[in-house]
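Asks: Pasting a structure below so you can have a look.
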Amino acid sequence: MLAFSALVAGSFSLGVMAAPHIAPAALNAPRFLIAAVLVGTAALATTGLPRSAARAPWRYLLLGGTFGAYFVLMFEGLKTAAPVSAAAVFTLTPVMSAAIGYILMRQITTPRMALGLSVGAAGALWVIFRADLSALRAFEVGRGEMIYFWGCVAHAVYTPLVRFLNRGEAPVVFTFGMLVAGCIVVTAYGWRDIMATDWAALPGIVWITLIYVAIFASAVTFVLLQFATLRLPSAKVMAYTYLTPSWVIVWEVMLGHDVPQVLVLGGVVLTVVALLILLKDEGR
(Lines give C-alpha, C1' and ligand atoms only; values in the text may rest on other atoms or scores of the structure.)
Protein backbone atom coordinates (compact mmCIF):
# COMPACT_ATOMS: atom_id res chain seq x y z
CA MET A 1 0.00 0.00 0.00
CA LEU A 2 2.99 2.29 0.49
CA ALA A 3 3.99 1.65 -3.14
CA PHE A 4 0.33 2.01 -4.14
CA SER A 5 0.07 5.53 -2.73
CA ALA A 6 3.26 6.70 -4.47
CA LEU A 7 2.22 5.30 -7.86
CA VAL A 8 -1.33 6.65 -7.62
CA ALA A 9 -0.01 10.13 -6.84
CA GLY A 10 1.64 10.36 -10.24
CA SER A 11 -1.71 10.05 -11.99
CA PHE A 12 -2.91 13.30 -10.35
CA SER A 13 0.02 15.41 -11.53
CA LEU A 14 0.08 13.89 -15.02
CA GLY A 15 -3.72 13.75 -15.23
CA VAL A 16 -4.09 17.51 -14.71
CA MET A 17 -1.74 18.06 -17.67
CA ALA A 18 -3.52 15.57 -19.96
CA ALA A 19 -7.19 16.12 -19.00
CA PRO A 20 -7.84 19.20 -21.19
CA HIS A 21 -6.76 17.35 -24.35
CA ILE A 22 -8.89 14.18 -24.29
CA ALA A 23 -12.30 12.99 -23.04
CA PRO A 24 -12.08 10.97 -19.78
CA ALA A 25 -13.69 7.84 -21.24
CA ALA A 26 -11.49 7.98 -24.35
CA LEU A 27 -8.39 7.98 -22.15
CA ASN A 28 -9.57 5.29 -19.77
CA ALA A 29 -10.83 2.71 -22.30
CA PRO A 30 -7.33 2.01 -23.70
CA ARG A 31 -5.97 2.30 -20.18
CA PHE A 32 -8.11 -0.65 -19.06
CA LEU A 33 -7.26 -2.58 -22.24
CA ILE A 34 -3.48 -2.20 -21.82
CA ALA A 35 -3.69 -3.03 -18.12
CA ALA A 36 -5.82 -6.12 -18.86
CA VAL A 37 -3.27 -7.41 -21.37
CA LEU A 38 -0.41 -6.90 -18.90
CA VAL A 39 -2.19 -8.46 -15.93
CA GLY A 40 -3.59 -11.31 -18.05
CA THR A 41 -0.09 -12.12 -19.29
CA ALA A 42 1.20 -12.08 -15.71
CA ALA A 43 -1.64 -14.38 -14.64
CA LEU A 44 -0.89 -16.89 -17.41
CA ALA A 45 2.79 -16.86 -16.47
CA THR A 46 2.13 -17.45 -12.77
CA THR A 47 -1.12 -18.86 -11.44
CA GLY A 48 -2.83 -19.44 -14.79
CA LEU A 49 -6.46 -18.58 -15.56
CA PRO A 50 -8.57 -21.43 -14.16
CA ARG A 51 -12.06 -21.98 -15.55
CA SER A 52 -13.43 -21.69 -12.02
CA ALA A 53 -12.55 -17.97 -12.07
CA ALA A 54 -15.28 -17.43 -14.67
CA ARG A 55 -18.00 -18.30 -12.18
CA ALA A 56 -20.55 -15.53 -11.68
CA PRO A 57 -19.11 -13.09 -14.26
CA TRP A 58 -21.51 -10.42 -12.98
CA ARG A 59 -19.01 -9.92 -10.14
CA TYR A 60 -16.41 -8.60 -12.57
CA LEU A 61 -18.92 -6.37 -14.34
CA LEU A 62 -19.91 -4.85 -11.01
CA LEU A 63 -16.29 -4.29 -9.95
CA GLY A 64 -15.17 -3.10 -13.39
CA GLY A 65 -18.09 -0.70 -13.72
CA THR A 66 -17.44 0.70 -10.25
CA PHE A 67 -13.74 1.29 -10.84
CA GLY A 68 -14.40 2.55 -14.36
CA ALA A 69 -16.74 5.18 -12.91
CA TYR A 70 -14.01 6.22 -10.48
CA PHE A 71 -11.45 6.83 -13.22
CA VAL A 72 -13.81 8.61 -15.61
CA LEU A 73 -14.96 10.97 -12.85
CA MET A 74 -11.36 11.47 -11.72
CA PHE A 75 -10.19 12.75 -15.09
CA GLU A 76 -13.34 14.81 -15.51
CA GLY A 77 -12.61 16.46 -12.16
CA LEU A 78 -8.93 17.01 -12.98
CA LYS A 79 -9.94 19.34 -15.82
CA THR A 80 -10.42 22.06 -13.19
CA ALA A 81 -9.14 20.71 -9.84
CA ALA A 82 -5.55 21.22 -8.70
CA PRO A 83 -3.59 17.96 -8.23
CA VAL A 84 -2.93 18.38 -4.48
CA SER A 85 -6.57 19.38 -3.86
CA ALA A 86 -7.82 16.35 -5.81
CA ALA A 87 -5.45 14.10 -3.87
CA ALA A 88 -6.92 15.51 -0.65
CA VAL A 89 -10.42 14.55 -1.85
CA PHE A 90 -9.05 11.04 -2.45
CA THR A 91 -8.10 10.81 1.24
CA LEU A 92 -11.80 10.96 2.18
CA THR A 93 -12.23 7.43 0.80
CA PRO A 94 -11.05 5.63 4.00
CA VAL A 95 -13.97 7.08 5.99
CA MET A 96 -16.47 6.00 3.35
CA SER A 97 -14.72 2.65 2.90
CA ALA A 98 -14.93 1.96 6.64
CA ALA A 99 -18.69 2.55 6.62
CA ILE A 100 -19.26 0.37 3.55
CA GLY A 101 -16.92 -2.33 4.90
CA TYR A 102 -19.09 -2.53 8.03
CA ILE A 103 -22.32 -2.76 6.01
CA LEU A 104 -21.03 -5.49 3.69
CA MET A 105 -18.74 -7.52 5.97
CA ARG A 106 -19.28 -6.18 9.49
CA GLN A 107 -15.64 -5.03 9.60
CA ILE A 108 -15.30 -3.18 12.90
CA THR A 109 -13.65 0.23 13.07
CA THR A 110 -11.87 0.39 16.46
CA PRO A 111 -11.68 3.64 18.47
CA ARG A 112 -8.06 4.08 17.37
CA MET A 113 -8.99 3.61 13.71
CA ALA A 114 -11.90 6.03 14.12
CA LEU A 115 -9.50 8.62 15.57
CA GLY A 116 -7.10 8.16 12.67
CA LEU A 117 -9.88 8.43 10.09
CA SER A 118 -11.18 11.60 11.76
CA VAL A 119 -7.74 13.23 11.80
CA GLY A 120 -7.23 12.28 8.16
CA ALA A 121 -10.62 13.64 7.13
CA ALA A 122 -9.87 16.90 8.94
CA GLY A 123 -6.56 17.17 7.07
CA ALA A 124 -8.29 16.48 3.77
CA LEU A 125 -10.91 19.20 4.40
CA TRP A 126 -8.11 21.58 5.40
CA VAL A 127 -6.49 21.14 1.98
CA ILE A 128 -9.75 21.06 -0.02
CA PHE A 129 -10.84 24.41 1.44
CA ARG A 130 -7.28 25.81 1.14
CA ALA A 131 -6.99 26.57 4.88
CA ASP A 132 -9.71 29.21 4.41
CA LEU A 133 -12.32 29.14 7.18
CA SER A 134 -14.65 31.43 5.23
CA ALA A 135 -14.58 28.98 2.30
CA LEU A 136 -15.33 26.14 4.72
CA ARG A 137 -18.26 28.00 6.29
CA ALA A 138 -19.68 28.78 2.84
CA PHE A 139 -18.86 25.24 1.70
CA GLU A 140 -17.15 26.62 -1.40
CA VAL A 141 -15.97 23.47 -3.15
CA GLY A 142 -14.61 23.64 -6.67
CA ARG A 143 -16.57 21.94 -9.47
CA GLY A 144 -13.67 19.61 -10.20
CA GLU A 145 -13.33 18.56 -6.57
CA MET A 146 -17.07 17.86 -6.34
CA ILE A 147 -17.06 15.72 -9.50
CA TYR A 148 -14.07 13.78 -8.24
CA PHE A 149 -15.69 13.29 -4.83
CA TRP A 150 -18.39 11.14 -6.44
CA GLY A 151 -15.64 9.16 -8.12
CA CYS A 152 -14.10 8.58 -4.70
CA VAL A 153 -17.45 7.27 -3.47
CA ALA A 154 -17.20 4.64 -6.21
CA HIS A 155 -13.63 3.83 -5.13
CA ALA A 156 -14.76 3.46 -1.52
CA VAL A 157 -17.45 0.99 -2.62
CA TYR A 158 -14.95 -0.96 -4.73
CA THR A 159 -12.50 -1.74 -1.91
CA PRO A 160 -14.80 -3.81 0.37
CA LEU A 161 -16.56 -5.26 -2.70
CA VAL A 162 -13.32 -6.99 -3.71
CA ARG A 163 -13.24 -8.96 -0.49
CA PHE A 164 -17.00 -9.49 -0.48
CA LEU A 165 -17.13 -10.90 -4.03
CA ASN A 166 -13.85 -12.83 -4.15
CA ARG A 167 -14.40 -16.61 -4.11
CA GLY A 168 -10.85 -17.71 -3.59
CA GLU A 169 -9.42 -16.42 -6.88
CA ALA A 170 -5.78 -15.28 -6.82
CA PRO A 171 -5.39 -11.46 -6.77
CA VAL A 172 -3.86 -11.35 -10.27
CA VAL A 173 -6.68 -13.51 -11.70
CA PHE A 174 -9.41 -11.51 -10.00
CA THR A 175 -7.79 -8.26 -11.17
CA PHE A 176 -7.69 -9.53 -14.75
CA GLY A 177 -11.42 -10.27 -14.70
CA MET A 178 -12.17 -6.83 -13.31
CA LEU A 179 -9.98 -5.11 -15.92
CA VAL A 180 -11.61 -6.93 -18.86
CA ALA A 181 -15.06 -6.04 -17.54
CA GLY A 182 -13.97 -2.46 -16.85
CA CYS A 183 -12.68 -2.13 -20.41
CA ILE A 184 -16.02 -3.35 -21.79
CA VAL A 185 -18.07 -1.00 -19.60
CA VAL A 186 -15.94 2.12 -20.18
CA THR A 187 -15.68 1.45 -23.93
CA ALA A 188 -19.45 1.06 -24.22
CA TYR A 189 -20.02 4.24 -22.21
CA GLY A 190 -17.47 6.34 -24.07
CA TRP A 191 -17.77 4.90 -27.60
CA ARG A 192 -18.73 8.27 -29.15
CA ASP A 193 -15.82 10.04 -27.45
CA ILE A 194 -13.41 7.31 -28.53
CA MET A 195 -14.52 7.55 -32.17
CA ALA A 196 -14.47 11.37 -32.10
CA THR A 197 -10.90 11.57 -30.75
CA ASP A 198 -8.19 12.50 -33.26
CA TRP A 199 -5.62 10.10 -31.82
CA ALA A 200 -2.84 11.14 -34.23
CA ALA A 201 -3.12 14.79 -33.18
CA LEU A 202 -2.94 14.24 -29.41
CA PRO A 203 -0.01 15.97 -27.65
CA GLY A 204 2.78 13.89 -26.14
CA ILE A 205 1.63 14.44 -22.54
CA VAL A 206 -1.56 12.47 -23.26
CA TRP A 207 0.44 9.43 -24.45
CA ILE A 208 2.83 9.71 -21.51
CA THR A 209 -0.13 9.87 -19.12
CA LEU A 210 -1.88 6.96 -20.85
CA ILE A 211 1.19 4.72 -20.62
CA TYR A 212 1.82 5.70 -17.00
CA VAL A 213 -1.75 5.22 -15.79
CA ALA A 214 -2.15 1.96 -17.74
CA ILE A 215 1.01 0.30 -16.44
CA PHE A 216 1.88 1.87 -13.09
CA ALA A 217 -1.39 3.44 -11.88
CA SER A 218 -3.54 0.55 -13.15
CA ALA A 219 -1.92 -2.84 -13.73
CA VAL A 220 0.57 -2.57 -10.86
CA THR A 221 -1.63 -0.74 -8.36
CA PHE A 222 -4.68 -2.96 -9.02
CA VAL A 223 -2.67 -6.05 -8.07
CA LEU A 224 -1.22 -4.28 -5.03
CA LEU A 225 -4.69 -3.19 -3.92
CA GLN A 226 -6.19 -6.66 -4.45
CA PHE A 227 -3.33 -8.25 -2.50
CA ALA A 228 -3.71 -5.84 0.42
CA THR A 229 -7.52 -5.90 0.45
CA LEU A 230 -7.57 -9.67 0.94
CA ARG A 231 -5.30 -9.32 4.01
CA LEU A 232 -6.30 -6.07 5.73
CA PRO A 233 -9.58 -4.42 6.81
CA SER A 234 -10.94 -2.04 4.18
CA ALA A 235 -10.42 1.06 6.34
CA LYS A 236 -6.78 0.18 7.02
CA VAL A 237 -6.10 -0.55 3.34
CA MET A 238 -7.43 2.84 2.33
CA ALA A 239 -5.58 4.53 5.21
CA TYR A 240 -2.47 4.51 3.08
CA THR A 241 -4.18 6.90 0.68
CA TYR A 242 -3.47 9.56 3.31
CA LEU A 243 0.07 9.67 1.95
CA THR A 244 -1.15 10.56 -1.55
CA PRO A 245 -1.19 14.39 -1.09
CA SER A 246 2.39 14.23 0.22
CA TRP A 247 3.47 12.15 -2.78
CA VAL A 248 1.66 14.56 -5.13
CA ILE A 249 3.65 17.46 -3.72
CA VAL A 250 6.84 15.48 -4.43
CA TRP A 251 5.62 14.89 -8.01
CA GLU A 252 4.75 18.58 -8.43
CA VAL A 253 8.23 19.62 -7.27
CA MET A 254 9.88 17.12 -9.65
CA LEU A 255 7.76 18.40 -12.55
CA GLY A 256 8.62 22.03 -11.73
CA HIS A 257 5.04 23.01 -10.83
CA ASP A 258 3.81 25.31 -8.05
CA VAL A 259 3.28 23.81 -4.59
CA PRO A 260 0.54 24.84 -2.12
CA GLN A 261 1.02 27.66 0.35
CA VAL A 262 2.44 26.85 3.79
CA LEU A 263 -0.94 26.99 5.58
CA VAL A 264 -2.38 24.38 3.22
CA LEU A 265 0.57 22.08 3.93
CA GLY A 266 -0.69 21.86 7.53
CA GLY A 267 -3.56 19.71 6.26
CA VAL A 268 -1.10 17.41 4.50
CA VAL A 269 0.76 16.98 7.80
CA LEU A 270 -2.51 15.90 9.45
CA THR A 271 -3.02 13.21 6.81
CA VAL A 272 0.43 11.79 7.60
CA VAL A 273 -0.42 11.82 11.32
CA ALA A 274 -3.62 9.91 10.50
CA LEU A 275 -1.61 7.24 8.70
CA LEU A 276 0.74 6.81 11.69
CA ILE A 277 -2.27 6.35 13.98
CA LEU A 278 -3.79 3.75 11.65
CA LEU A 279 -0.58 1.76 11.17
CA LYS A 280 -0.83 0.21 14.63
CA ASP A 281 -1.77 -3.46 14.42
CA GLU A 282 -5.22 -3.92 15.94
CA GLY A 283 -5.13 -7.71 15.56
CA ARG A 284 -4.33 -8.37 19.22
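Labels for the C-alpha coordinates follow display order: chains A, B, ..., residues from 1 in each chain, ligands from 1.
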Could you give me, as number ranges by chain, the residues within 12 Å of Cys152 in chain A, counting only C-alpha atoms and dropping anything in the same chain fewer than 5 positions from it?
Replies: A: 66-75, 77, 86-97, 145-147, 157-159, 238, 241
Asks: Go ahead and save the residues from that selection, with N, CA and C atoms, as an mmCIF file, in the first residue's frame.
Replies:
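Below is the file that was written, again.cif:
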data_model
loop_
_atom_site.group_PDB
_atom_site.id
_atom_site.type_symbol
_atom_site.label_atom_id
_atom_site.label_comp_id
_atom_site.auth_asym_id
_atom_site.auth_seq_id
_atom_site.Cartn_x
_atom_site.Cartn_y
_atom_site.Cartn_z
ATOM 1 N N THR A 66 -17.692 -0.191 -11.392
ATOM 2 C CA THR A 66 -17.444 0.697 -10.251
ATOM 3 C C THR A 66 -16.114 1.415 -10.384
ATOM 4 N N PHE A 67 -15.057 0.659 -10.718
ATOM 5 C CA PHE A 67 -13.743 1.288 -10.842
ATOM 6 C C PHE A 67 -13.660 2.135 -12.101
ATOM 7 N N GLY A 68 -14.364 1.730 -13.162
ATOM 8 C CA GLY A 68 -14.404 2.554 -14.361
ATOM 9 C C GLY A 68 -15.029 3.909 -14.078
ATOM 10 N N ALA A 69 -16.095 3.924 -13.289
ATOM 11 C CA ALA A 69 -16.743 5.181 -12.913
ATOM 12 C C ALA A 69 -15.778 6.071 -12.142
ATOM 13 N N TYR A 70 -14.993 5.455 -11.258
ATOM 14 C CA TYR A 70 -14.008 6.224 -10.483
ATOM 15 C C TYR A 70 -13.039 6.947 -11.412
ATOM 16 N N PHE A 71 -12.473 6.239 -12.365
ATOM 17 C CA PHE A 71 -11.449 6.834 -13.221
ATOM 18 C C PHE A 71 -12.016 7.881 -14.169
ATOM 19 N N VAL A 72 -13.197 7.632 -14.714
ATOM 20 C CA VAL A 72 -13.807 8.613 -15.607
ATOM 21 C C VAL A 72 -14.101 9.907 -14.852
ATOM 22 N N LEU A 73 -14.656 9.776 -13.651
ATOM 23 C CA LEU A 73 -14.960 10.967 -12.848
ATOM 24 C C LEU A 73 -13.687 11.660 -12.369
ATOM 25 N N MET A 74 -12.632 10.880 -12.136
ATOM 26 C CA MET A 74 -11.359 11.467 -11.718
ATOM 27 C C MET A 74 -10.822 12.410 -12.796
ATOM 28 N N PHE A 75 -10.752 11.923 -14.030
ATOM 29 C CA PHE A 75 -10.186 12.752 -15.091
ATOM 30 C C PHE A 75 -11.118 13.894 -15.487
ATOM 31 N N GLY A 77 -12.880 15.494 -13.218
ATOM 32 C CA GLY A 77 -12.610 16.457 -12.157
ATOM 33 C C GLY A 77 -11.271 17.160 -12.319
ATOM 34 N N ALA A 86 -7.160 17.596 -5.424
ATOM 35 C CA ALA A 86 -7.824 16.353 -5.807
ATOM 36 C C ALA A 86 -7.320 15.187 -4.969
ATOM 37 N N ALA A 87 -6.019 15.160 -4.698
ATOM 38 C CA ALA A 87 -5.452 14.096 -3.868
ATOM 39 C C ALA A 87 -6.026 14.149 -2.457
ATOM 40 N N ALA A 88 -6.307 15.368 -1.972
ATOM 41 C CA ALA A 88 -6.919 15.508 -0.655
ATOM 42 C C ALA A 88 -8.332 14.937 -0.655
ATOM 43 N N VAL A 89 -9.083 15.146 -1.739
ATOM 44 C CA VAL A 89 -10.415 14.551 -1.850
ATOM 45 C C VAL A 89 -10.306 13.029 -1.790
ATOM 46 N N PHE A 90 -9.279 12.489 -2.429
ATOM 47 C CA PHE A 90 -9.049 11.042 -2.447
ATOM 48 C C PHE A 90 -8.884 10.492 -1.036
ATOM 49 N N THR A 91 -8.321 11.294 -0.124
ATOM 50 C CA THR A 91 -8.103 10.810 1.240
ATOM 51 C C THR A 91 -9.390 10.715 2.052
ATOM 52 N N LEU A 92 -10.520 11.156 1.494
ATOM 53 C CA LEU A 92 -11.796 10.964 2.180
ATOM 54 C C LEU A 92 -12.323 9.543 1.998
ATOM 55 N N THR A 93 -11.722 8.773 1.070
ATOM 56 C CA THR A 93 -12.228 7.428 0.803
ATOM 57 C C THR A 93 -12.122 6.474 1.991
ATOM 58 N N PRO A 94 -11.090 6.567 2.873
ATOM 59 C CA PRO A 94 -11.050 5.632 4.000
ATOM 60 C C PRO A 94 -12.282 5.706 4.900
ATOM 61 N N VAL A 95 -12.790 6.929 5.148
ATOM 62 C CA VAL A 95 -13.974 7.078 5.994
ATOM 63 C C VAL A 95 -15.169 6.380 5.351
ATOM 64 N N MET A 96 -15.355 6.629 4.053
ATOM 65 C CA MET A 96 -16.469 5.999 3.346
ATOM 66 C C MET A 96 -16.268 4.494 3.243
ATOM 67 N N SER A 97 -15.026 4.065 3.028
ATOM 68 C CA SER A 97 -14.725 2.647 2.900
ATOM 69 C C SER A 97 -14.985 1.910 4.214
ATOM 70 N N GLU A 145 -13.408 19.336 -7.814
ATOM 71 C CA GLU A 145 -13.334 18.562 -6.573
ATOM 72 C C GLU A 145 -14.648 17.832 -6.299
ATOM 73 N N MET A 146 -15.769 18.486 -6.589
ATOM 74 C CA MET A 146 -17.067 17.865 -6.337
ATOM 75 C C MET A 146 -17.303 16.677 -7.277
ATOM 76 N N ILE A 147 -16.926 16.830 -8.548
ATOM 77 C CA ILE A 147 -17.062 15.719 -9.498
ATOM 78 C C ILE A 147 -16.204 14.544 -9.042
ATOM 79 N N VAL A 157 -16.593 2.169 -2.475
ATOM 80 C CA VAL A 157 -17.451 0.991 -2.620
ATOM 81 C C VAL A 157 -16.644 -0.184 -3.155
ATOM 82 N N TYR A 158 -15.727 0.093 -4.082
ATOM 83 C CA TYR A 158 -14.948 -0.961 -4.733
ATOM 84 C C TYR A 158 -14.106 -1.764 -3.735
ATOM 85 N N THR A 159 -13.457 -1.080 -2.801
ATOM 86 C CA THR A 159 -12.500 -1.744 -1.908
ATOM 87 C C THR A 159 -13.124 -2.887 -1.105
ATOM 88 N N MET A 238 -7.278 1.504 2.892
ATOM 89 C CA MET A 238 -7.426 2.836 2.328
ATOM 90 C C MET A 238 -6.712 3.902 3.156
ATOM 91 N N THR A 241 -3.914 5.808 1.631
ATOM 92 C CA THR A 241 -4.179 6.898 0.682
ATOM 93 C C THR A 241 -3.901 8.256 1.317
#
Asks: Pull the closest atom pair for each residue of range 209-265 of chain A that gets at most 10 Å from range 9-16 of chain A, along with the distance in Å to one decimal, counting only C-alpha atoms, ordering rows by chain and then ascending residue number, as JSON lines.
Replies:
{"residue": "A:Thr209", "atom": "CA", "partner": "A:Leu14", "partner_atom": "CA", "distance": 5.7}
{"residue": "A:Leu210", "atom": "CA", "partner": "A:Gly15", "partner_atom": "CA", "distance": 9.0}
{"residue": "A:Tyr212", "atom": "CA", "partner": "A:Ser11", "partner_atom": "CA", "distance": 7.5}
{"residue": "A:Val213", "atom": "CA", "partner": "A:Ser11", "partner_atom": "CA", "distance": 6.1}
{"residue": "A:Ala214", "atom": "CA", "partner": "A:Ser11", "partner_atom": "CA", "distance": 9.9}
{"residue": "A:Phe216", "atom": "CA", "partner": "A:Gly10", "partner_atom": "CA", "distance": 9.0}
{"residue": "A:Ala217", "atom": "CA", "partner": "A:Ser11", "partner_atom": "CA", "distance": 6.6}
{"residue": "A:Ser218", "atom": "CA", "partner": "A:Ser11", "partner_atom": "CA", "distance": 9.7}
{"residue": "A:Thr241", "atom": "CA", "partner": "A:Ala9", "partner_atom": "CA", "distance": 9.2}
{"residue": "A:Leu243", "atom": "CA", "partner": "A:Ala9", "partner_atom": "CA", "distance": 8.8}
{"residue": "A:Thr244", "atom": "CA", "partner": "A:Ala9", "partner_atom": "CA", "distance": 5.4}
{"residue": "A:Pro245", "atom": "CA", "partner": "A:Ala9", "partner_atom": "CA", "distance": 7.2}
{"residue": "A:Ser246", "atom": "CA", "partner": "A:Ala9", "partner_atom": "CA", "distance": 8.5}
{"residue": "A:Trp247", "atom": "CA", "partner": "A:Ala9", "partner_atom": "CA", "distance": 5.7}
{"residue": "A:Val248", "atom": "CA", "partner": "A:Ala9", "partner_atom": "CA", "distance": 5.0}
{"residue": "A:Ile249", "atom": "CA", "partner": "A:Ala9", "partner_atom": "CA", "distance": 8.8}
{"residue": "A:Val250", "atom": "CA", "partner": "A:Ala9", "partner_atom": "CA", "distance": 9.0}
{"residue": "A:Trp251", "atom": "CA", "partner": "A:Gly10", "partner_atom": "CA", "distance": 6.4}
{"residue": "A:Glu252", "atom": "CA", "partner": "A:Ser13", "partner_atom": "CA", "distance": 6.5}
{"residue": "A:Leu255", "atom": "CA", "partner": "A:Ser13", "partner_atom": "CA", "distance": 8.4}
{"residue": "A:His257", "atom": "CA", "partner": "A:Ser13", "partner_atom": "CA", "distance": 9.1}
Asks: Leaving out Gly204 in chain A and any residue of its chain fewer than 4 positions from it, which residues lie within 12 Å of it when counting only C-alpha atoms, given as a PyMOL selection string?
Replies: chain A and resi 14+17-18+21-22+199-200+208-211
Asks: As a PyMOL selection string, which residues of range 128-274 of chain A does DSSP assign to alpha helix (DSSP H)?
Replies: chain A and resi 128+133-137+143-165+171-189+191-196+204-214+221-229+234-239+244-254+262-274
Asks: Rank A:Ala23, A:Val8, A:Leu33, A:Leu2 by their smallest atom-to-atom distance to Trp191 in chain A, using only C-alpha atoms, and report the top residue only.
Replies: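 Using only C-alpha atoms, the shortest distance to Trp191 in chain A belongs to A:Ala23.
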Asks: Pick the closest to Tyr102 in chain A from A:Ile277, A:Leu78, A:Leu161, A:Leu61: which is it, counting only C-alpha atoms?
Replies: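 When distances to Tyr102 in chain A are compared using only C-alpha atoms, the smallest one comes from A:Leu161.
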Asks: If we count only C-alpha atoms, what is near Pro171 in chain A at a cut-off of 9 Å, once residues fewer than 2 positions away on the same chain are taken out, given as a list in words?
Replies: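 Non-adjacent residues within range: Asn166, Gly168, Glu169, Val173, Phe174, Thr175, Phe176, Phe222, Val223, Leu224, Leu225, Gln226, Phe227 and Leu230 of chain A.
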Asks: Using only C-alpha atoms, pick whichever of A:Val269, A:Ala219, A:Ala239, A:Leu165 has the shortest atom-to-atom distance to Thr41 in chain A.
Replies: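 The answer is A:Ala219, which sits nearest to Thr41 in chain A.
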Asks: One number please: CA of Ala29 in chain A to CA of Leu179 in chain A, in Å, one decimal.
Replies: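 CA of Ala29 in chain A sits 10.1 Å away from CA of Leu179 in chain A.
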